[in-house]
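Data file: input-v4.cif. Format and content: mmCIF, C-alpha atoms.
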```cif
data_model
loop_
_atom_site.label_atom_id
_atom_site.label_comp_id
_atom_site.auth_asym_id
_atom_site.auth_seq_id
_atom_site.Cartn_x
_atom_site.Cartn_y
_atom_site.Cartn_z
CA ARG A 1 -52.15 19.95 -34.55
CA GLN A 2 -55.76 20.91 -34.00
CA ARG A 3 -57.55 24.22 -33.85
CA LEU A 4 -60.93 25.03 -32.34
CA ILE A 5 -63.07 26.82 -34.93
CA LYS A 6 -66.49 26.79 -33.29
CA SER A 7 -67.83 26.28 -29.79
CA ASN A 8 -71.40 26.70 -28.69
CA ALA A 9 -73.78 25.47 -26.01
CA ILE A 10 -76.63 23.20 -27.10
CA LYS A 11 -79.54 21.55 -25.31
CA ILE A 12 -80.17 17.81 -25.49
CA ASP A 13 -83.07 16.42 -23.47
CA ASN A 14 -83.03 19.65 -21.45
CA GLU A 15 -79.38 19.14 -20.48
CA SER A 16 -76.68 21.67 -21.45
CA VAL A 17 -73.85 20.32 -23.62
CA GLN A 18 -70.84 22.16 -25.05
CA GLU A 19 -70.54 21.35 -28.75
CA GLU A 20 -67.10 21.98 -30.24
CA THR A 21 -65.82 21.79 -33.80
CA TYR A 22 -62.10 21.39 -34.55
CA ILE A 23 -59.95 21.52 -37.64
CA ILE A 24 -57.34 18.75 -37.58
CA ASP A 25 -54.42 19.29 -39.95
CA ASN A 26 -51.75 17.01 -41.42
CA ASN A 27 -54.44 14.54 -42.52
CA LEU A 28 -54.17 14.26 -46.29
CA PHE A 29 -57.48 12.46 -46.59
CA GLU A 30 -61.15 13.10 -46.01
CA ASP A 31 -63.07 10.75 -43.76
CA LYS A 32 -66.18 10.82 -41.67
CA GLY A 33 -67.04 9.09 -38.43
CA PHE A 34 -68.62 9.67 -35.10
CA VAL A 35 -67.84 9.89 -31.44
CA LYS A 36 -70.14 9.52 -28.47
CA LEU A 37 -70.59 12.47 -26.18
CA SER A 38 -71.72 11.39 -22.72
CA ILE A 39 -74.60 13.20 -21.07
CA GLY A 40 -75.10 11.72 -17.63
CA LYS A 41 -74.96 7.98 -17.03
CA LYS A 42 -77.22 6.56 -19.72
CA LYS A 43 -77.64 9.17 -22.44
CA HIS A 44 -75.36 9.61 -25.41
CA PHE A 45 -75.28 11.97 -28.34
CA LYS A 46 -73.76 11.06 -31.72
CA ILE A 47 -71.77 13.81 -33.46
CA SER A 48 -69.96 13.83 -36.79
CA PHE A 49 -66.46 14.98 -37.56
CA VAL A 50 -64.51 15.57 -40.74
CA PHE A 51 -60.73 15.57 -41.25
CA TRP A 52 -59.25 17.67 -44.03
CA PRO A 53 -55.93 19.39 -44.66
CA PHE A 54 -55.59 23.06 -43.78
CA PHE A 55 -52.81 25.58 -44.03
CA LEU A 56 -51.87 28.20 -41.47
CA TRP A 57 -50.79 31.70 -42.36
CA PHE A 58 -51.39 35.03 -40.66
CA LEU A 59 -51.26 38.72 -41.57
CA VAL A 60 -49.84 40.28 -38.42
CA PRO A 61 -49.96 44.03 -37.66
CA THR A 62 -46.82 45.51 -36.13
CA PRO A 63 -46.35 48.79 -34.19
CA ILE A 64 -46.43 52.02 -36.20
CA GLY A 65 -44.01 53.67 -33.81
CA ASN A 66 -44.41 52.63 -30.20
CA LEU A 67 -43.07 49.10 -29.64
CA GLY A 68 -45.41 48.73 -26.68
CA ASP A 69 -48.29 48.38 -29.13
CA MET A 70 -47.35 44.84 -30.16
CA THR A 71 -50.07 42.44 -28.99
CA PHE A 72 -49.54 39.23 -27.01
CA ARG A 73 -51.26 37.32 -29.79
CA ALA A 74 -48.91 38.75 -32.42
CA VAL A 75 -45.84 37.64 -30.42
CA LYS A 76 -47.37 34.18 -29.94
CA THR A 77 -48.05 33.94 -33.68
CA PHE A 78 -44.46 34.87 -34.54
CA ASN A 79 -43.10 32.26 -32.14
CA GLU A 80 -45.30 29.56 -33.67
CA ALA A 81 -44.49 30.47 -37.28
CA ASP A 82 -41.96 28.57 -39.38
CA LEU A 83 -40.98 31.72 -41.28
CA ILE A 84 -41.93 35.39 -41.53
CA LEU A 85 -42.53 37.29 -44.77
CA THR A 86 -41.47 40.88 -44.31
CA GLU A 87 -41.47 44.07 -46.37
CA ASP A 88 -37.93 44.98 -45.29
CA THR A 89 -35.89 42.40 -43.39
CA ARG A 90 -33.64 45.11 -41.91
CA VAL A 91 -36.55 46.99 -40.36
CA SER A 92 -38.40 43.89 -39.19
CA SER A 93 -35.33 42.24 -37.66
CA LYS A 94 -34.98 45.16 -35.25
CA ILE A 95 -38.63 44.94 -34.20
CA LEU A 96 -38.55 41.15 -33.77
CA LYS A 97 -35.26 41.27 -31.87
CA HIS A 98 -36.92 43.58 -29.34
CA TYR A 99 -39.35 40.76 -28.51
CA ASN A 100 -36.66 38.08 -28.61
CA ILE A 101 -38.18 36.48 -31.71
CA HIS A 102 -35.73 34.61 -33.92
CA LYS A 103 -37.33 33.20 -37.05
CA PRO A 104 -36.21 33.02 -40.70
CA LEU A 105 -37.12 36.23 -42.54
CA VAL A 106 -38.00 36.31 -46.25
CA SER A 107 -38.42 39.60 -48.14
CA PHE A 108 -41.87 40.12 -49.63
CA HIS A 109 -42.55 43.61 -50.98
CA MET A 110 -44.15 45.50 -53.87
CA HIS A 111 -41.17 44.87 -56.16
CA ASN A 112 -41.12 41.07 -55.81
CA GLU A 113 -44.56 39.97 -54.57
CA HIS A 114 -45.82 39.01 -58.04
CA ARG A 115 -42.77 36.81 -58.58
CA LYS A 116 -42.92 35.21 -55.14
CA LEU A 117 -46.66 34.49 -54.90
CA SER A 118 -46.46 30.93 -56.24
CA GLN A 119 -43.47 30.16 -53.99
CA VAL A 120 -45.35 31.30 -50.90
CA ILE A 121 -48.45 29.29 -51.81
CA SER A 122 -46.26 26.21 -52.33
CA LYS A 123 -44.67 26.69 -48.90
CA LEU A 124 -48.12 26.93 -47.32
CA LYS A 125 -49.28 23.77 -49.06
CA SER A 126 -46.16 21.97 -47.85
CA GLY A 127 -47.35 22.54 -44.28
CA LEU A 128 -45.28 25.56 -43.22
CA THR A 129 -46.89 28.12 -40.92
CA ILE A 130 -46.20 31.63 -42.24
CA ALA A 131 -46.61 35.09 -40.71
CA VAL A 132 -46.75 38.16 -42.99
CA ILE A 133 -45.78 41.63 -41.76
CA SER A 134 -45.06 45.05 -43.22
CA ASP A 135 -42.59 47.64 -41.94
CA ALA A 136 -45.32 49.10 -39.73
CA GLY A 137 -49.05 48.72 -39.30
CA THR A 138 -51.37 46.18 -40.91
CA PRO A 139 -50.27 44.36 -44.10
CA GLY A 140 -52.53 45.10 -47.04
CA ILE A 141 -53.30 48.70 -46.03
CA SER A 142 -51.06 50.81 -48.28
CA ASP A 143 -48.55 47.94 -47.93
CA PRO A 144 -48.06 44.51 -49.58
CA GLY A 145 -50.60 41.86 -48.63
CA PHE A 146 -53.59 42.15 -50.94
CA LEU A 147 -52.15 40.00 -53.75
CA LEU A 148 -51.24 37.21 -51.35
CA VAL A 149 -54.69 37.27 -49.76
CA ARG A 150 -56.33 37.03 -53.19
CA GLU A 151 -54.05 34.19 -54.26
CA ALA A 152 -54.70 32.29 -51.02
CA ILE A 153 -58.46 32.58 -51.50
CA MET A 154 -58.14 31.32 -55.08
CA ASN A 155 -56.28 28.28 -53.71
CA ASP A 156 -58.92 27.65 -51.02
CA ILE A 157 -56.50 28.61 -48.26
CA GLU A 158 -58.04 30.25 -45.21
CA VAL A 159 -56.99 33.86 -44.53
CA ASN A 160 -56.21 34.89 -40.94
CA CYS A 161 -55.68 38.59 -40.18
CA LEU A 162 -54.92 39.63 -36.61
CA PRO A 163 -56.31 42.94 -35.31
CA GLY A 164 -53.73 45.52 -34.33
CA PRO A 165 -51.97 48.81 -35.09
CA THR A 166 -52.91 50.97 -38.05
CA ALA A 167 -52.49 54.72 -38.39
CA LEU A 168 -55.79 55.70 -39.96
CA ILE A 169 -58.12 54.83 -37.04
CA PRO A 170 -56.30 56.79 -34.27
CA ALA A 171 -55.94 59.76 -36.63
CA LEU A 172 -59.65 59.66 -37.45
CA ILE A 173 -60.78 59.37 -33.82
CA GLN A 174 -58.59 62.23 -32.54
CA SER A 175 -59.40 64.49 -35.51
CA GLY A 176 -62.71 65.58 -34.00
CA LEU A 177 -64.44 64.90 -37.32
CA SER A 178 -67.27 62.42 -37.77
CA ALA A 179 -66.16 58.79 -37.52
CA GLU A 180 -69.58 57.28 -38.18
CA ARG A 181 -68.98 57.12 -41.93
CA PHE A 182 -65.58 57.55 -43.56
CA VAL A 183 -63.60 56.59 -46.66
CA PHE A 184 -59.91 55.70 -46.74
CA GLU A 185 -58.04 56.90 -49.85
CA GLY A 186 -54.49 55.93 -48.86
CA PHE A 187 -51.81 57.74 -50.87
CA LEU A 188 -53.04 59.88 -53.76
CA PRO A 189 -51.54 59.10 -57.18
CA LEU A 190 -48.41 61.12 -57.86
CA LYS A 191 -49.37 62.30 -61.35
CA LYS A 192 -51.63 60.17 -63.53
CA GLY A 193 -55.15 60.13 -62.14
CA ARG A 194 -54.43 62.51 -59.28
CA ASN A 195 -56.73 65.33 -60.39
CA LYS A 196 -59.46 62.87 -61.39
CA ARG A 197 -59.32 61.23 -57.95
CA LEU A 198 -59.61 64.62 -56.25
CA GLU A 199 -62.49 65.66 -58.51
CA ASN A 200 -64.35 62.47 -57.59
CA LEU A 201 -64.00 63.39 -53.92
CA MET A 202 -65.42 66.89 -54.23
CA ASP A 203 -68.97 65.72 -53.47
CA GLU A 204 -68.00 62.95 -51.02
CA PRO A 205 -70.18 63.37 -47.89
CA ARG A 206 -68.14 61.00 -45.69
CA THR A 207 -65.00 61.93 -43.76
CA ILE A 208 -61.97 61.33 -46.02
CA ILE A 209 -58.62 59.93 -44.86
CA PHE A 210 -55.28 60.11 -46.69
CA TYR A 211 -51.73 58.99 -45.99
CA GLU A 212 -48.87 61.24 -47.06
CA SER A 213 -45.09 61.44 -46.92
CA PRO A 214 -43.15 64.48 -45.61
CA HIS A 215 -41.91 65.66 -49.00
CA LYS A 216 -45.42 65.64 -50.55
CA ILE A 217 -47.58 66.81 -47.64
CA SER A 218 -47.55 70.51 -48.55
CA LYS A 219 -48.52 69.85 -52.18
CA THR A 220 -51.28 67.48 -51.15
CA LEU A 221 -52.79 69.96 -48.69
CA ASN A 222 -52.74 72.63 -51.38
CA ASP A 223 -54.36 70.31 -53.93
CA LEU A 224 -57.06 69.42 -51.42
CA LYS A 225 -57.72 73.11 -50.83
CA VAL A 226 -58.03 73.78 -54.57
CA HIS A 227 -60.46 70.90 -55.16
CA LEU A 228 -62.43 70.77 -51.90
CA GLY A 229 -62.44 74.43 -50.88
CA ASP A 230 -60.90 76.65 -48.21
CA ASP A 231 -63.62 76.04 -45.62
CA ARG A 232 -63.33 72.26 -45.26
CA LYS A 233 -62.25 71.24 -41.77
CA VAL A 234 -59.04 69.21 -41.68
CA SER A 235 -56.85 67.41 -39.17
CA VAL A 236 -53.22 66.51 -39.85
CA SER A 237 -51.55 63.94 -37.59
CA LYS A 238 -47.80 63.35 -37.67
CA GLU A 239 -45.65 60.51 -36.29
CA LEU A 240 -48.53 58.78 -34.51
CA THR A 241 -47.52 56.87 -31.34
CA LYS A 242 -43.95 58.21 -31.55
CA ILE A 243 -42.14 60.68 -29.30
CA HIS A 244 -42.78 63.65 -31.60
CA GLU A 245 -46.42 62.80 -32.31
CA SER A 246 -48.60 65.83 -33.01
CA THR A 247 -51.98 66.75 -34.47
CA ILE A 248 -53.00 70.12 -35.85
CA ARG A 249 -56.53 71.09 -36.80
CA GLY A 250 -58.08 73.85 -38.82
CA THR A 251 -59.45 74.35 -42.32
CA LEU A 252 -57.78 73.68 -45.66
CA GLY A 253 -57.51 77.43 -46.11
CA THR A 254 -55.82 78.17 -42.80
CA ILE A 255 -53.86 75.10 -41.67
CA SER A 256 -50.09 75.51 -41.53
CA LEU A 257 -47.31 72.96 -40.93
CA GLY A 258 -44.99 75.66 -39.59
CA GLU A 259 -41.51 76.69 -40.61
CA GLY A 260 -38.45 74.54 -41.23
CA LYS A 261 -37.91 71.10 -42.70
CA ILE A 262 -40.94 68.84 -42.63
CA ARG A 263 -40.32 65.40 -41.18
CA GLY A 264 -42.41 62.35 -40.33
CA GLU A 265 -45.28 60.37 -41.82
CA PHE A 266 -48.68 62.06 -42.01
CA VAL A 267 -52.36 61.14 -41.86
CA ILE A 268 -54.75 63.75 -43.28
CA VAL A 269 -58.40 63.65 -42.22
CA VAL A 270 -60.78 65.91 -44.16
CA GLU A 271 -64.39 66.77 -43.44
CA GLY A 272 -66.92 65.45 -45.95
CA LEU A 273 -69.18 67.71 -47.99
CA LYS A 274 -71.99 69.22 -45.91
#
```
Transcribe the structure of this file into structure tokens.
Amino acid sequence: RQRLIKSNAIKIDNESVQEETYIIDNNLFEDKGFVKLSIGKKKHFKISFVFWPFFLWFLVPTPIGNLGDMTFRAVKTFNEADLILTEDTRVSSKILKHYNIHKPLVSFHMHNEHRKLSQVISKLKSGLTIAVISDAGTPGISDPGFLLVREAIMNDIEVNCLPGPTALIPALIQSGLSAERFVFEGFLPLKKGRNKRLENLMDEPRTIIFYESPHKISKTLNDLKVHLGDDRKVSVSKELTKIHESTIRGTLGTISLGEGKIRGEFVIVVEGLK
């Protein structure tokens, strides 16, 4: 297999030439040589090439709710992979089945990723192409992925992350708050370090983004009000891209989630300190 990694136009004797650089895998040796690139009838240009082994793996974002948000490139990557690492095989199998993708699934989540790191690296070095996904969104953002990326880099294995769905960017853009500078805090600590984290954010001038679950959203909004003040503007988005998607806006002192049981996953966007 070969993969184009660089392509650019160059000038040789005032003639345009397309110079291309490829990675060629499955060559367990390093060698150098040259080929001749024809430019017209009499002119030639000598270029160098290098063969070296490389390993293919991809972090692939998956839809956060609407299955129509899967990209063509993501589907192509799944079809070319030898196996797929997934946070929850039950959840992922339903998503992949929708796109008629049938590949071996291996669980890889916060409770086993430390134990499985060396196994995954060994599979990559054996020549397997691996795709990594979470239950929804982009792996590594409040989901497993970071440890594997770090381990791959330490083993000189190239990291490939596809662009795609993530909840924080749509929530930020539709909040109406400044998107020029922002900080993503993910989920706040449950107990230890929670107050300290909030205290550190009191003077934060950038827009602040949090993720929160339905059974903690009310407490988190109250804690934000206590530490950041009643007058801070806030936007709360629920179930982004899903049928019951909604966004409410107000201030930390006035915003209300309404009556009844709270359901769905939330993204909180808070105005920075003015």
Going by the chain IDs and residue numbers used in this file, which residues fall under the PyMOL selection byres ((chain A and resi 244) around 12)? Write them as a ChimeraX atom specification. /A:65-66,237-243,245-247,263-265
Go through region 136-247 of chain A residue by residue and, counting only C-alpha atoms, keep those with an atom at most 12 Å from region 95-111 of chain A; for each kept residue give the shortest atom pair and its distance in Å to one decimal, ordered by chain and increasing number, as CSV.
```
residue,atom,partner,partner_atom,distance
A:Ala136,CA,A:Ile95,CA,9.6
A:Pro139,CA,A:His109,CA,10.4
A:Gly140,CA,A:Met110,CA,10.8
A:Ser142,CA,A:Met110,CA,10.4
A:Asp143,CA,A:Met110,CA,7.8
A:Pro144,CA,A:His109,CA,5.8
A:Gly145,CA,A:His109,CA,8.6
A:Phe146,CA,A:Met110,CA,10.4
A:Leu147,CA,A:Met110,CA,9.7
A:Leu148,CA,A:Phe108,CA,10.0
```
For this file, the PyMOL selection byres ((chain A and resi 231) around 12) selects which residues, as an NGL selection string?
:A and (224-230 or 232-234 or 250-255 or 270-274)
Could you state which residues are captured by the PyMOL selection byres ((chain A and resi 185-195) around 6) in this file, as a PyMOL selection string? chain A and resi 184+196-198+209-212
For a cut-off of 12 Å around (-45.7, 75.4, -37.2), file coordinates, pick out all residues using all atoms listed in the file and list them as a list in words.
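The residues that fall inside the cut-off are Val236, Ser246, Thr247, Ile248, Arg249, Thr254, Ile255, Ser256, Leu257, Gly258, Glu259, Gly260, Lys261 and Ile262 of chain A.
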Open item on the list: Taking 5 positions as the minimum chain separation for residues in the same chain, which residues sit within 9 Å of region 155-166 of chain A when counting all atoms listed in the file? Answer as an NGL selection string.
Closed with: :A and (54-64 or 69-71 or 73-74 or 121 or 124-125 or 136-139 or 141 or 149-150)
Please provide as a PDB file with C-alpha atoms, in the coordinates of the input all residues within 7 Å of Arg206 (chain A), with the sequence filter that same-chain residues fewer than 3 positions apart are discarded (counting only C-alpha atoms).
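Final output, saved to selection04.pdb:
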```
ATOM      1  CA  ARG A 181     -68.980  57.120 -41.930  1.00  0.00           C
ATOM      2  CA  PHE A 182     -65.580  57.550 -43.560  1.00  0.00           C
ATOM      3  CA  VAL A 183     -63.600  56.590 -46.660  1.00  0.00           C
ATOM      4  CA  GLY A 272     -66.920  65.450 -45.950  1.00  0.00           C
TER       5      GLY A 272
END
```
As a JSON list (two decimals), in the coordinates of the input, please: region 159-170 of chain A completed to N, CA, C and O atoms.
```
[["chain", "number", "residue", "atom", "x", "y", "z"],
["A", 159, "VAL", "N", -57.72, 32.63, -44.84],
["A", 159, "VAL", "CA", -56.99, 33.86, -44.53],
["A", 159, "VAL", "C", -57.21, 34.24, -43.07],
["A", 159, "VAL", "O", -58.34, 34.28, -42.59],
["A", 160, "ASN", "N", -56.13, 34.49, -42.35],
["A", 160, "ASN", "CA", -56.21, 34.89, -40.94],
["A", 160, "ASN", "C", -55.51, 36.23, -40.76],
["A", 160, "ASN", "O", -54.31, 36.33, -40.95],
["A", 161, "CYS", "N", -56.28, 37.27, -40.41],
["A", 161, "CYS", "CA", -55.68, 38.59, -40.18],
["A", 161, "CYS", "C", -55.92, 38.98, -38.72],
["A", 161, "CYS", "O", -57.06, 39.06, -38.27],
["A", 162, "LEU", "N", -54.82, 39.22, -38.00],
["A", 162, "LEU", "CA", -54.92, 39.63, -36.61],
["A", 162, "LEU", "C", -55.30, 41.11, -36.53],
["A", 162, "LEU", "O", -54.88, 41.90, -37.38],
["A", 163, "PRO", "N", -56.07, 41.51, -35.52],
["A", 163, "PRO", "CA", -56.31, 42.94, -35.31],
["A", 163, "PRO", "C", -55.06, 43.57, -34.69],
["A", 163, "PRO", "O", -54.26, 42.89, -34.05],
["A", 164, "GLY", "N", -54.91, 44.87, -34.90],
["A", 164, "GLY", "CA", -53.73, 45.52, -34.33],
["A", 164, "GLY", "C", -53.49, 46.90, -34.89],
["A", 164, "GLY", "O", -54.39, 47.52, -35.47],
["A", 165, "PRO", "N", -52.28, 47.42, -34.75],
["A", 165, "PRO", "CA", -51.97, 48.81, -35.09],
["A", 165, "PRO", "C", -52.23, 49.17, -36.55],
["A", 165, "PRO", "O", -51.93, 48.39, -37.47],
["A", 166, "THR", "N", -52.78, 50.34, -36.74],
["A", 166, "THR", "CA", -52.91, 50.97, -38.05],
["A", 166, "THR", "C", -53.08, 52.46, -37.81],
["A", 166, "THR", "O", -53.72, 52.86, -36.82],
["A", 167, "ALA", "N", -52.53, 53.28, -38.67],
["A", 167, "ALA", "CA", -52.49, 54.72, -38.39],
["A", 167, "ALA", "C", -53.81, 55.43, -38.63],
["A", 167, "ALA", "O", -54.12, 56.42, -37.98],
["A", 168, "LEU", "N", -54.62, 54.92, -39.54],
["A", 168, "LEU", "CA", -55.79, 55.70, -39.96],
["A", 168, "LEU", "C", -56.85, 55.82, -38.86],
["A", 168, "LEU", "O", -57.49, 56.87, -38.73],
["A", 169, "ILE", "N", -57.06, 54.77, -38.05],
["A", 169, "ILE", "CA", -58.12, 54.83, -37.04],
["A", 169, "ILE", "C", -57.80, 55.81, -35.91],
["A", 169, "ILE", "O", -58.64, 56.65, -35.56],
["A", 170, "PRO", "N", -56.60, 55.77, -35.30],
["A", 170, "PRO", "CA", -56.30, 56.79, -34.27],
["A", 170, "PRO", "C", -56.38, 58.21, -34.82],
["A", 170, "PRO", "O", -56.88, 59.12, -34.14]]
```
